[in-house]
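Colleague: Below is the structure I would like to discuss, written out as structure tokens.
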Amino acid sequence: MKTTIHLVICVLISFVAQAQKKQPNIVFIMSDDHAVSAVSAYNDWLAALAPTPNIDRIADEGMLMHATYNTNSICGPSRAAILTGKYSHVNGFFKNEKGGDFDASQQTFPKLLQKAGYQTAVVGKWHLGTAPTGFDYSKVMVNHGGQGTYFNTVFVENGTKKITETTRHSTAQVAHDALKWLDETRNKDKPFMLMYQFKAPHRPWTPNPKFKDLYNEDFPHHETFNDDYEGRIAASKNMMEIANHMNRKDLKLPVPEGLNKRERGRYERFGNNGQFWTPNDSLQGAALKNWKYQRYIKDYLRCVAGVDEAVGQMLDYLKANGLDENTIVVYTSDQGFYLGEHGWFDKRWMYEPSFRMPFMVKYPKKIKAGTHNKELLLNIDFAPTLLDLAGVSIPKDIQGESFKKQLYGKRYKGRDAVYYHYYEYPFWHKVQPHYGVSTGEYKLIHYYYDMDEWELFDLENDKNEMQNLYGKQGFEKITANLKQKIKALQKKYNDDMSLEEMRAMTDMVVKRVYSERNN
């Protein structure tokens, strides 16, 4: 009898081990503030000038998603939405500034994968205040308001051990640590899920010196570079213009000698609030704006080059170690970014450059190489999709929807619209809180905090969103339909609160572990 029981146990153990081996590994790669226009796979306006060959390998070997959108275009809230598969107002992390920290006790997709037998790890940028949970290994940036720094980056390993890395640029350090975990530390008998996350290309856009000579020729301006914001009142009140709101640190001006820490900070931040400055008195007007733009975009794209190199190192490692065929590799960013569109830097708006996110995925066993998808997707869809791909059941309270069928080329029912809601005001950049809906053909936005303004855009005929059609003759029915769609989606996602309640969320003050004023 004992022999029989022992044999049954052995068979069960063997069965479980074989089942785990069949589960795909997952490498989830996420950069910070990487614009779609700066990923050459999308063949956008910067593609030929700033190629990303390694990131493009993921698209070439898998599927490129063309219409992936954010639910709240700002770093921490987007990360929380990705982890939980839930909108900001549901997961509780809806603004970076004075909005409290992420509730680490709640359900996340890494916890669910871990429970299903995956070994889980996160390396790099975290930016959620509380220590990572649901991970067997973590090494995340904690200095500079949780943003991390490009050099002398301070990490916390496994929630307790503080480590200051002084030998590598942060992007190279994250690559080193992630590959070391894969090669030396993980349990190679279990499937793994690694979140491989970079600070780059976030402000202040400080590249690895090895890329300092990249992009010596000047870049062209986007066609909306000199936007005057006519008909868009909220946009006209922004504080994120390249011409007027970049500071000295952003553009790498040398700091005068003899300043103490407080004086140095004051000197470097000068320009944030619209203070005029120029590197020399002969540089004024359009020439000064172009000088700032060139300094900015070149350093931004040099940071992207570092990320692209690190992505290549990961892909090469997976292939060299026989892991690539059974590993799902995702590349995305926490949101998009402005690279001179509308004369801006930063994110936050529901306009396409910040609303839209890069997203591509490869899985050689299941996803056909070189395929494209133009269906409407949201960042809250990432969690259920990864769970679905891993064969793990999706909890009913997750608000996102799996798009596995789309990846596998099977029949599916896509979305007809996506819903967005941004809360933070006035820090940073004075972007008016707003919500809205996009069908891919039309977009309707409502700014509600201290104004009552609507914008309607015909995305097929006005891709740059320059002509506000709200209130114009001939668009009454479209506007009414989109307002009904907003109401329906607000109800669906439990965001059907009053404007007073929404404004109260913006006004709420909850102290954070890391102050965003360190940015």
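How things are named: the first chain in the structure tokens is A, the next is B, and so on; residues count from 1 in each chain; ligands count from 1 in the order shown.
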Kindly assemble as JSON lines a list of the stretch 88-159 of chain A residues that lie within 12 Å of stretch 327-343 of chain A, each paired with its nearest atom pair and their distance in Å to one decimal, using only C-alpha atoms, sorted first by chain and then by ascending residue number.
Modeller:
```
{"residue": "A:Lys125", "atom": "CA", "partner": "A:Asp334", "partner_atom": "CA", "distance": 10.9}
{"residue": "A:Trp126", "atom": "CA", "partner": "A:Asp334", "partner_atom": "CA", "distance": 11.0}
{"residue": "A:His127", "atom": "CA", "partner": "A:Asp334", "partner_atom": "CA", "distance": 11.1}
```
Colleague: Looking only at strand (DSSP E or B) from DSSP on the backbone, list the matching residues of stretch 32-143 of chain A as a list in words.
Modeller: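 Across stretch 32-143 of chain A, those assigned strand (DSSP E or B) are Met63, Leu64, Met65, His66, Ala67, Thr68, Tyr69, Gly99, Gln119, Thr120, Ala121, Val122, Val123, Gly124, Tyr137, Ser138, Lys139, Val140 and Met141 of chain A.
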Colleague: Just give me the gap between atom CA of A:Val39 and atom CA of A:His221 in Å, one decimal is fine.
Modeller: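 If I compute the distance from atom CA of A:Val39 to atom CA of A:His221, I get 17.0 Å.
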Colleague: Closest to A:Gly391 among A:Lys491, A:Asn54, A:Tyr118, A:Trp428, using only C-alpha atoms?
Modeller: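 For A:Gly391, the nearest of the given residues is A:Tyr118.
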Colleague: List the spatial neighbours of A:Gln484 as a VMD selection string - criterion: any atom at most 12 Å away, only C-alpha atoms, same-chain residues fewer than 4 positions off excluded.
Modeller: chain A and resid 417 436 to 437 444 477 to 480 488 to 491
Colleague: If I take atom CA of A:Ala369 and atom CA of A:Ala59, how far is one from the other in Å, to one decimal?
Modeller: 7.6 Å
Colleague: Can you work out the spacing between atom CA of A:His34 and atom CA of A:Ala310 in Å, to one decimal?
Modeller: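 Separation of atom CA of A:His34 and atom CA of A:Ala310: 14.4 Å.
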Colleague: Point out the residue among A:Leu323, A:Met502, A:Leu318, A:Ile297 with the least atom-to-atom distance to A:Phe219, counting only C-alpha atoms.
Modeller: A:Ile297
Colleague: Neighbouring residues of stretch 189-195 of chain A were defined as those with any atom within 7 Å, considering only C-alpha atoms; residues of the same chain fewer than 5 positions away were excluded. Please report them as a PyMOL selection string.
Modeller: chain A and resi 20-21+23-29+118-123
Colleague: Closest to A:Tyr293 among A:Gly400, A:Pro220, A:Pro51, A:Pro364, using only C-alpha atoms?
Modeller: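 Closest candidate: A:Pro220.
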Colleague: Given only C-alpha atoms as the basis, pick out the residue of A:Tyr449, A:Asn379, A:Leu301, A:Glu424 nearest to A:Asn96.
Modeller: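 For A:Asn96, the nearest of the candidates is A:Glu424.
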Colleague: With only C-alpha atoms as the counted atoms, please give the residues lying no more than 12 Å from A:Glu501, apart from itself and same-chain residues fewer than 5 positions off, as a list in words.
Modeller: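 The residues satisfying every condition are His89, Tyr423, Tyr448, Tyr449, Asp495, Asp496, Thr506, Asp507 and Met508 of chain A.
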Colleague: Could the residues in this selection be saved with N, CA and C atoms as a PDB file, in the first residue's frame?
Modeller:
```
ATOM      1  N   HIS A  89      -9.143  54.723 -10.327  1.00  0.00           N
ATOM      2  CA  HIS A  89     -10.071  54.971  -9.221  1.00  0.00           C
ATOM      3  C   HIS A  89     -10.446  53.693  -8.491  1.00  0.00           C
ATOM      4  N   TYR A 423      -6.332  62.872 -13.437  1.00  0.00           N
ATOM      5  CA  TYR A 423      -6.754  63.591 -12.237  1.00  0.00           C
ATOM      6  C   TYR A 423      -5.800  64.676 -11.736  1.00  0.00           C
ATOM      7  N   TYR A 448     -12.875  69.415 -16.616  1.00  0.00           N
ATOM      8  CA  TYR A 448     -13.939  69.695 -15.650  1.00  0.00           C
ATOM      9  C   TYR A 448     -13.495  70.326 -14.334  1.00  0.00           C
ATOM     10  N   TYR A 449     -12.196  70.474 -14.073  1.00  0.00           N
ATOM     11  CA  TYR A 449     -11.794  70.865 -12.717  1.00  0.00           C
ATOM     12  C   TYR A 449     -12.171  72.309 -12.380  1.00  0.00           C
ATOM     13  N   ASP A 495     -16.962  54.421 -12.671  1.00  0.00           N
ATOM     14  CA  ASP A 495     -16.422  55.786 -12.592  1.00  0.00           C
ATOM     15  C   ASP A 495     -17.540  56.811 -12.798  1.00  0.00           C
ATOM     16  N   ASP A 496     -18.774  56.406 -12.509  1.00  0.00           N
ATOM     17  CA  ASP A 496     -19.930  57.274 -12.743  1.00  0.00           C
ATOM     18  C   ASP A 496     -20.233  58.125 -11.503  1.00  0.00           C
ATOM     19  N   THR A 506      -8.901  65.017  -7.081  1.00  0.00           N
ATOM     20  CA  THR A 506      -7.768  65.875  -7.441  1.00  0.00           C
ATOM     21  C   THR A 506      -7.258  66.642  -6.231  1.00  0.00           C
ATOM     22  N   ASP A 507      -8.162  67.117  -5.398  1.00  0.00           N
ATOM     23  CA  ASP A 507      -7.799  67.933  -4.232  1.00  0.00           C
ATOM     24  C   ASP A 507      -7.264  67.114  -3.061  1.00  0.00           C
ATOM     25  N   MET A 508      -7.514  65.824  -3.078  1.00  0.00           N
ATOM     26  CA  MET A 508      -7.112  64.974  -1.959  1.00  0.00           C
ATOM     27  C   MET A 508      -5.611  65.049  -1.707  1.00  0.00           C
TER      28      MET A 508
END
```
Colleague: When you look at A:Thr160 with a cut-off of 12 Å (counting only C-alpha atoms), what residues show up, excluding the ones that are within fewer than 6 positions of it in the same chain? I need them as JSON, numbers by chain.
Modeller: {"A": [130, 131, 132, 137, 138, 139, 140, 142]}
Colleague: Near stretch 461-469 of chain A, within 12 Å and counting only C-alpha atoms, which residues show up once chain neighbours fewer than 4 positions away are dropped, as a short mmCIF file (atom, residue, chain, number, x, y, z; two decimals) with N, CA and C atoms, in the first residue's frame?
Modeller:
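Final file, part.cif:
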```cif
data_model
loop_
_atom_site.label_atom_id
_atom_site.label_comp_id
_atom_site.auth_asym_id
_atom_site.auth_seq_id
_atom_site.Cartn_x
_atom_site.Cartn_y
_atom_site.Cartn_z
N HIS A 222 8.26 68.57 -35.50
CA HIS A 222 6.96 68.02 -35.87
C HIS A 222 6.11 69.14 -36.47
N GLU A 223 5.17 68.78 -37.32
CA GLU A 223 4.36 69.78 -38.01
C GLU A 223 3.50 70.63 -37.07
N THR A 224 3.31 70.18 -35.82
CA THR A 224 2.53 70.97 -34.85
C THR A 224 3.44 71.71 -33.86
N PHE A 225 4.71 71.80 -34.15
CA PHE A 225 5.70 72.35 -33.22
C PHE A 225 5.34 73.76 -32.76
N ASN A 226 4.75 74.54 -33.64
CA ASN A 226 4.40 75.93 -33.31
C ASN A 226 2.89 76.11 -33.14
N ASP A 227 2.25 75.11 -32.57
CA ASP A 227 0.81 75.15 -32.30
C ASP A 227 0.47 76.38 -31.44
N ASP A 228 -0.64 77.06 -31.82
CA ASP A 228 -1.08 78.22 -31.01
C ASP A 228 -2.28 77.87 -30.13
N TYR A 229 -2.73 76.61 -30.15
CA TYR A 229 -3.80 76.07 -29.31
C TYR A 229 -5.15 76.76 -29.54
N GLU A 230 -5.36 77.28 -30.71
CA GLU A 230 -6.63 77.92 -31.04
C GLU A 230 -7.78 76.93 -30.89
N GLY A 231 -8.83 77.34 -30.15
CA GLY A 231 -10.00 76.51 -29.97
C GLY A 231 -9.85 75.43 -28.92
N ARG A 232 -8.70 75.41 -28.23
CA ARG A 232 -8.43 74.40 -27.20
C ARG A 232 -7.94 75.13 -25.95
N ILE A 233 -8.88 75.58 -25.15
CA ILE A 233 -8.57 76.43 -24.01
C ILE A 233 -7.69 75.73 -22.98
N ALA A 234 -8.00 74.48 -22.65
CA ALA A 234 -7.21 73.75 -21.66
C ALA A 234 -5.76 73.63 -22.12
N ALA A 235 -5.57 73.31 -23.39
CA ALA A 235 -4.21 73.17 -23.93
C ALA A 235 -3.44 74.47 -23.84
N GLU A 341 5.62 67.62 -30.46
CA GLU A 341 4.24 67.77 -30.94
C GLU A 341 3.54 68.81 -30.07
N HIS A 342 2.85 69.72 -30.71
CA HIS A 342 2.18 70.84 -30.02
C HIS A 342 3.16 71.73 -29.24
N TRP A 349 -2.00 64.32 -21.21
CA TRP A 349 -3.18 64.62 -22.03
C TRP A 349 -3.76 63.37 -22.70
N MET A 350 -5.02 63.49 -23.08
CA MET A 350 -5.66 62.43 -23.86
C MET A 350 -5.37 62.58 -25.35
N TYR A 351 -4.56 63.54 -25.72
CA TYR A 351 -4.14 63.65 -27.12
C TYR A 351 -3.23 62.46 -27.45
N GLU A 352 -3.22 62.07 -28.71
CA GLU A 352 -2.60 60.82 -29.14
C GLU A 352 -1.15 60.61 -28.68
N PRO A 353 -0.24 61.60 -28.78
CA PRO A 353 1.16 61.29 -28.45
C PRO A 353 1.39 60.78 -27.03
N GLY A 440 -11.43 55.67 -32.04
CA GLY A 440 -10.47 55.49 -33.11
C GLY A 440 -10.79 56.38 -34.30
N GLU A 441 -12.09 56.69 -34.45
CA GLU A 441 -12.55 57.59 -35.52
C GLU A 441 -12.79 58.98 -34.96
N TYR A 442 -13.42 59.04 -33.79
CA TYR A 442 -13.69 60.32 -33.12
C TYR A 442 -13.24 60.24 -31.65
N LYS A 443 -12.92 61.39 -31.10
CA LYS A 443 -12.53 61.49 -29.70
C LYS A 443 -13.25 62.68 -29.06
N LEU A 444 -13.84 62.44 -27.88
CA LEU A 444 -14.52 63.50 -27.13
C LEU A 444 -13.89 63.59 -25.74
N ILE A 445 -13.50 64.80 -25.35
CA ILE A 445 -12.82 65.04 -24.08
C ILE A 445 -13.56 66.10 -23.29
N GLU A 453 -15.08 72.65 -20.29
CA GLU A 453 -14.75 72.72 -21.71
C GLU A 453 -14.75 71.33 -22.33
N TRP A 454 -15.27 71.27 -23.54
CA TRP A 454 -15.30 70.02 -24.29
C TRP A 454 -14.49 70.16 -25.57
N GLU A 455 -13.92 69.04 -26.01
CA GLU A 455 -13.23 69.00 -27.30
C GLU A 455 -13.67 67.76 -28.06
N LEU A 456 -13.90 67.93 -29.35
CA LEU A 456 -14.27 66.84 -30.24
C LEU A 456 -13.32 66.84 -31.43
N PHE A 457 -12.74 65.70 -31.72
CA PHE A 457 -11.80 65.60 -32.84
C PHE A 457 -12.19 64.48 -33.80
N GLN A 473 -21.61 72.99 -36.28
CA GLN A 473 -22.76 72.47 -37.01
C GLN A 473 -22.39 71.19 -37.75
N GLY A 474 -23.27 70.20 -37.68
CA GLY A 474 -23.07 68.93 -38.36
C GLY A 474 -22.49 67.84 -37.48
N PHE A 475 -22.09 68.20 -36.26
CA PHE A 475 -21.48 67.22 -35.37
C PHE A 475 -22.32 66.97 -34.11
N GLU A 476 -23.55 67.42 -34.15
CA GLU A 476 -24.42 67.28 -32.98
C GLU A 476 -24.70 65.81 -32.64
N ILE A 478 -23.00 63.07 -33.54
CA ILE A 478 -21.76 62.39 -33.12
C ILE A 478 -21.44 62.73 -31.67
N THR A 479 -21.59 64.01 -31.32
CA THR A 479 -21.31 64.45 -29.96
C THR A 479 -22.25 63.78 -28.96
#
```
Colleague: Select from stretch 288-517 of chain A everything DSSP, run on the backbone, classes as helix (DSSP H, G or I), then give the selection as JSON, numbers by chain.
Modeller: {"A": [288, 289, 290, 291, 292, 293, 294, 295, 296, 297, 298, 299, 300, 301, 302, 303, 304, 305, 306, 307, 308, 309, 310, 311, 312, 313, 314, 315, 316, 317, 318, 319, 320, 324, 325, 326, 341, 342, 343, 352, 353, 354, 355, 379, 380, 381, 382, 383, 384, 385, 386, 387, 388, 389, 404, 405, 406, 407, 476, 477, 478, 479, 480, 481, 482, 483, 484, 485, 486, 487, 488, 489, 490, 491, 492, 499, 500, 501, 502, 503, 504, 505, 506, 507, 516, 517]}
